[in-house]
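Note: the block below is protein_29.cif and it holds mmCIF, C-alpha atoms.
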data_data
loop_
_atom_site.group_PDB
_atom_site.id
_atom_site.type_symbol
_atom_site.label_atom_id
_atom_site.label_comp_id
_atom_site.auth_asym_id
_atom_site.auth_seq_id
_atom_site.Cartn_x
_atom_site.Cartn_y
_atom_site.Cartn_z
ATOM 1 C CA MET G 234 20.900 -2.432 -3.482
ATOM 2 C CA ILE G 235 21.118 0.663 -1.314
ATOM 3 C CA LEU G 236 20.224 4.015 -2.861
ATOM 4 C CA SER G 237 21.223 7.459 -1.713
ATOM 5 C CA GLN G 238 18.427 9.291 0.088
ATOM 6 C CA GLU G 239 18.093 11.624 -2.892
ATOM 7 C CA ALA G 240 17.723 8.728 -5.356
ATOM 8 C CA ALA G 241 15.248 6.969 -3.044
ATOM 9 C CA SER G 242 13.182 10.182 -2.733
ATOM 10 C CA THR G 243 13.145 10.549 -6.527
ATOM 11 C CA THR G 244 12.028 6.930 -6.904
ATOM 12 C CA LEU G 245 9.210 7.427 -4.376
ATOM 13 C CA ALA G 246 8.074 10.563 -6.200
ATOM 14 C CA ALA G 247 7.979 8.610 -9.481
ATOM 15 C CA LEU G 248 5.969 5.781 -7.870
ATOM 16 C CA THR G 249 3.356 8.090 -6.394
ATOM 17 C CA SER G 250 3.170 10.139 -9.612
ATOM 18 C CA ASP G 251 2.587 6.949 -11.619
ATOM 19 C CA LEU G 252 -0.463 6.195 -9.457
ATOM 20 C CA GLY G 253 -2.009 9.494 -10.557
ATOM 21 C CA ALA G 254 -4.792 11.386 -8.822
ATOM 22 C CA ASN G 255 -7.204 9.475 -6.590
ATOM 23 C CA PRO G 256 -5.577 6.037 -6.429
ATOM 24 C CA SER G 257 -7.073 3.413 -4.165
ATOM 25 C CA LEU G 258 -5.757 0.678 -1.939
ATOM 26 C CA VAL G 259 -7.668 -2.582 -2.356
ATOM 27 C CA ILE G 260 -7.218 -5.370 0.188
ATOM 28 C CA TYR G 261 -7.765 -8.934 -1.031
ATOM 29 C CA SER G 262 -8.107 -12.441 0.352
ATOM 30 C CA GLY G 263 -6.836 -15.607 -1.298
ATOM 31 C CA THR G 264 -3.543 -16.808 -2.763
ATOM 32 C CA VAL G 265 -1.082 -13.952 -3.275
ATOM 33 C CA PRO G 266 -0.295 -13.489 -7.005
ATOM 34 C CA ALA G 267 3.302 -13.154 -8.208
ATOM 35 C CA GLY G 268 2.876 -9.389 -8.620
ATOM 36 C CA PRO G 269 0.585 -6.598 -9.836
ATOM 37 C CA ASP G 270 0.879 -7.695 -13.487
ATOM 38 C CA THR G 271 -0.465 -11.155 -12.612
ATOM 39 C CA ALA G 272 -4.232 -11.522 -12.988
ATOM 40 C CA LEU G 273 -6.288 -12.184 -9.893
ATOM 41 C CA SER G 274 -7.452 -15.783 -9.607
ATOM 42 C CA GLY G 275 -10.214 -16.522 -7.127
ATOM 43 C CA ASN G 276 -9.276 -13.518 -4.993
ATOM 44 C CA THR G 277 -11.974 -11.495 -3.236
ATOM 45 C CA ALA G 278 -11.744 -7.717 -2.838
ATOM 46 C CA LEU G 279 -12.527 -7.275 0.859
ATOM 47 C CA VAL G 280 -12.262 -3.512 1.294
ATOM 48 C CA SER G 281 -10.890 -0.530 -0.580
ATOM 49 C CA GLY G 282 -9.931 2.979 0.435
ATOM 50 C CA GLY G 283 -9.061 6.104 -1.505
ATOM 51 C CA ILE G 284 -5.739 7.902 -1.075
ATOM 52 C CA SER G 285 -5.865 11.669 -1.357
ATOM 53 C CA SER G 286 -2.164 12.499 -1.028
ATOM 54 C CA TRP G 287 1.333 11.259 -0.196
ATOM 55 C CA GLY G 288 3.629 12.632 2.481
ATOM 56 C CA THR G 289 7.056 14.085 1.864
ATOM 57 C CA PRO G 290 9.640 11.286 1.702
ATOM 58 C CA THR G 291 11.631 11.066 4.938
ATOM 59 C CA TYR G 292 14.249 8.643 6.208
ATOM 60 C CA ASN G 293 12.707 5.903 8.371
ATOM 61 C CA ALA G 294 15.328 4.169 10.530
ATOM 62 C CA SER G 295 13.015 1.257 11.394
ATOM 63 C CA THR G 296 12.710 0.316 7.704
ATOM 64 C CA SER G 297 16.191 1.525 6.654
ATOM 65 C CA GLY G 298 14.817 3.602 3.830
ATOM 66 C CA MET G 299 13.040 6.643 2.547
ATOM 67 C CA SER G 300 9.301 6.385 3.220
ATOM 68 C CA SER G 301 6.194 8.241 2.137
ATOM 69 C CA SER G 302 2.876 7.718 3.923
ATOM 70 C CA GLY G 303 -0.468 7.709 2.149
ATOM 71 C CA THR G 304 -3.271 9.914 3.479
ATOM 72 C CA PHE G 305 -6.629 8.184 3.165
ATOM 73 C CA THR G 306 -9.806 10.042 2.230
ATOM 74 C CA ALA G 307 -11.696 8.657 5.254
ATOM 75 C CA SER G 308 -10.832 7.431 8.731
ATOM 76 C CA GLY G 309 -12.428 4.049 8.029
ATOM 77 C CA TYR G 310 -14.036 1.993 5.270
ATOM 78 C CA SER G 311 -16.918 -0.496 5.120
ATOM 79 C CA PRO G 312 -15.882 -3.919 3.794
ATOM 80 C CA ALA G 313 -17.599 -5.339 0.705
ATOM 81 C CA ALA G 314 -16.919 -8.919 1.848
ATOM 82 C CA SER G 315 -15.631 -10.905 4.823
ATOM 83 C CA GLY G 316 -12.370 -12.864 4.739
ATOM 84 C CA THR G 317 -8.709 -12.959 5.726
ATOM 85 C CA ALA G 318 -6.569 -10.200 4.203
ATOM 86 C CA THR G 319 -3.537 -11.688 2.420
ATOM 87 C CA PHE G 320 -2.280 -8.825 0.210
ATOM 88 C CA ALA G 321 -3.163 -5.397 -1.160
ATOM 89 C CA ARG G 322 -2.781 -3.570 -4.427
ATOM 90 C CA LEU G 323 -2.471 0.110 -5.225
ATOM 91 C CA ILE G 324 -4.820 0.811 -8.112
ATOM 92 C CA THR G 325 -4.862 3.889 -10.354
ATOM 93 C CA SER G 326 -8.106 5.806 -10.847
ATOM 94 C CA GLY G 327 -8.215 3.988 -14.212
ATOM 95 C CA SER G 328 -8.355 0.612 -12.374
ATOM 96 C CA VAL G 329 -4.807 -0.483 -13.252
ATOM 97 C CA ALA G 330 -2.836 -2.321 -10.543
ATOM 98 C CA ARG G 331 0.550 -0.627 -10.140
ATOM 99 C CA GLU G 332 1.921 -2.049 -6.887
ATOM 100 C CA GLN G 333 1.306 -5.110 -4.773
ATOM 101 C CA LEU G 334 1.876 -4.838 -1.030
ATOM 102 C CA THR G 335 2.056 -7.010 2.053
ATOM 103 C CA VAL G 336 -0.623 -6.676 4.736
ATOM 104 C CA GLY G 337 -0.443 -7.405 8.441
ATOM 105 C CA THR G 338 -0.911 -6.066 11.940
ATOM 106 C CA SER G 339 2.772 -5.004 12.109
ATOM 107 C CA GLY G 340 5.901 -5.186 9.987
ATOM 108 C CA ALA G 341 3.965 -4.974 6.704
ATOM 109 C CA GLU G 342 3.535 -2.279 4.077
ATOM 110 C CA VAL G 343 -0.180 -1.974 4.881
ATOM 111 C CA ILE G 344 -1.018 -2.050 8.582
ATOM 112 C CA LEU G 345 -4.441 -3.301 9.675
ATOM 113 C CA GLY G 346 -5.832 -3.621 13.177
ATOM 114 C CA ASN G 347 -6.814 -7.194 12.293
ATOM 115 C CA THR G 348 -6.313 -9.246 9.122
ATOM 116 C CA THR G 349 -9.749 -10.814 9.631
ATOM 117 C CA ILE G 350 -12.089 -8.489 7.751
ATOM 118 C CA LEU G 351 -15.802 -8.660 8.594
ATOM 119 C CA THR G 352 -18.663 -6.885 6.871
ATOM 120 C CA GLY G 353 -20.347 -4.484 9.261
ATOM 121 C CA THR G 354 -17.019 -3.684 10.964
ATOM 122 C CA THR G 355 -15.188 -0.557 9.811
ATOM 123 C CA VAL G 356 -11.609 -1.052 8.625
ATOM 124 C CA GLU G 357 -8.959 1.564 9.382
ATOM 125 C CA MET G 358 -5.846 1.521 7.195
ATOM 126 C CA SER G 359 -2.407 3.058 7.166
ATOM 127 C CA MET G 360 0.424 2.469 4.761
ATOM 128 C CA GLN G 361 3.791 3.676 3.672
ATOM 129 C CA LEU G 362 5.870 3.124 0.587
ATOM 130 C CA THR G 363 9.558 2.564 1.390
ATOM 131 C CA ILE G 364 12.653 2.471 -0.809
ATOM 132 C CA PRO G 365 15.873 1.166 0.820
ATOM 133 C CA SER G 366 18.420 3.958 1.233
ATOM 134 C CA GLN G 367 21.521 4.972 3.085
ATOM 135 C CA SER G 368 21.157 6.704 6.424
ATOM 136 C CA VAL G 369 23.083 9.927 6.894
#

Encoded form using structure tokens:
Amino acid sequence: MILSQEAASTTLAALTSDLGANPSLVIYSGTVPAGPDTALSGNTALVSGGISSWGTPTYNASTSGMSSSGTFTASGYSPAASGTATFARLITSGSVAREQLTVGTSGAEVILGNTTILTGTTVEMSMQLTIPSQSV
């Protein structure tokens, strides 16, 4: 499926609106669940960071879609536990998982400097939501 840029922008706006004010990104270790509606099972929350706003959707040629970047409330976060990051979830301020994302050092939805998370070492995060769309 390829959406028009306008439809992709509208979809991104709906996704970010659904997250509400003050969502957070939580990075987990363990087996990746089927999706955000699947309960966690033996997963450990390694680190979480608050998102204060979303950027204006723009076409991103490298991902072939409309993207919106999240702005985090801090430049880095202290991990709650050590482990290997395997996935992340966007959580509403009411603690409801809305989206599940890939993590990695490149080519993922959530970019980390290292997927090995260690307590005592600050974690910096960046992310973007992307919806496939036509380039114009």

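Using all atoms listed in the file, the nearest neighbour of Gln333 in chain G within the list G:Thr264, G:Glu239, G:Asp270, G:Pro312 is G:Asp270.
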
Quiz prompt | Selection near range 315-319 of chain G, 10 Å with only C-alpha atoms, sequence-local residues under 5 positions removed, as a list in words | solution = Ile260, Tyr261, Ser262, Gly263, Thr264, Val265, Asn276, Thr277, Ala278, Leu279, Val280, Leu334, Thr335, Val336, Gly337, Leu345, Asn347, Thr348, Thr349, Ile350, Leu351, Thr352, Gly353 and Thr354 of chain G

Quiz prompt | Nearest candidate to Gln238 in chain G (options G:Gly283, G:Gly253, G:Gly303, G:Pro290; using only C-alpha atoms) | solution = G:Pro290

Hey, can I get the axis-aligned box for range 352-356 of chain G? All listed atoms, 5 Å padding on each side, centre and edge lengths in Å to one decimal, as JSON.
{"center_x": -16.0, "center_y": -3.7, "center_z": 8.9, "size_x": 18.7, "size_y": 16.3, "size_z": 14.1}

Practice problem: Using all atoms listed in the file, find the one residue out of G:Ala246, G:Ile324, G:Leu258, G:Ala330 that sits nearest to Ser359 in chain G. | Solution: G:Leu258

Practice problem: Kindly resolve the PyMOL selection byres ((chain G and resi 306) around 10) on the present coordinates and return the residues as a PyMOL selection string. | Solution: chain G and resi 255+257+282-286+303-305+307-310

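Atom to atom, CA of Pro256 in chain G and CA of Ser274 in chain G stand 22.1 Å apart.
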
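Take the candidates G:Phe320, G:Ala241, G:Val329, G:Ala267 and check each one against Ile344 in chain G using all atoms listed in the file; the shortest distance goes to G:Phe320.
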
Quiz item: Near Asp251 in chain G, within 10 Å and counting all atoms listed in the file, which residues show up once chain neighbours fewer than 6 positions away are dropped, as a PyMOL selection string?
Solution: chain G and resi 245+325+331

Quiz prompt | Neighbour list for range 360-363 of chain G as a PyMOL selection string, cut-off 8 Å, all atoms listed in the file, skip fewer than 2 positions in-chain | solution = chain G and resi 245+296+298-303+342-344+358+365

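The interatomic distance for the pair CA of Gly340 in chain G and CA of Ile235 in chain G works out to 19.8 Å.
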
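The closest residue to Thr243 in chain G, picked from G:Gly268, G:Gly346, G:Thr291, G:Gly327 and counting all atoms listed in the file, is G:Thr291.
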
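Reported to one decimal place, the separation of CA of Val259 in chain G from CA of Met234 in chain G is 28.6 Å.
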
Quiz item: Can you list what the PyMOL selection byres ((chain G and resi 369) around 10) grabs from this structure, as a ChimeraX atom specification?
Solution: /G:237-238,292,366-368

Exercise. Could you tell me which of G:Ile364, G:Ala294, G:Ala247, G:Leu252 comes closest to Arg322 in chain G if we count only C-alpha atoms?
Key: G:Leu252
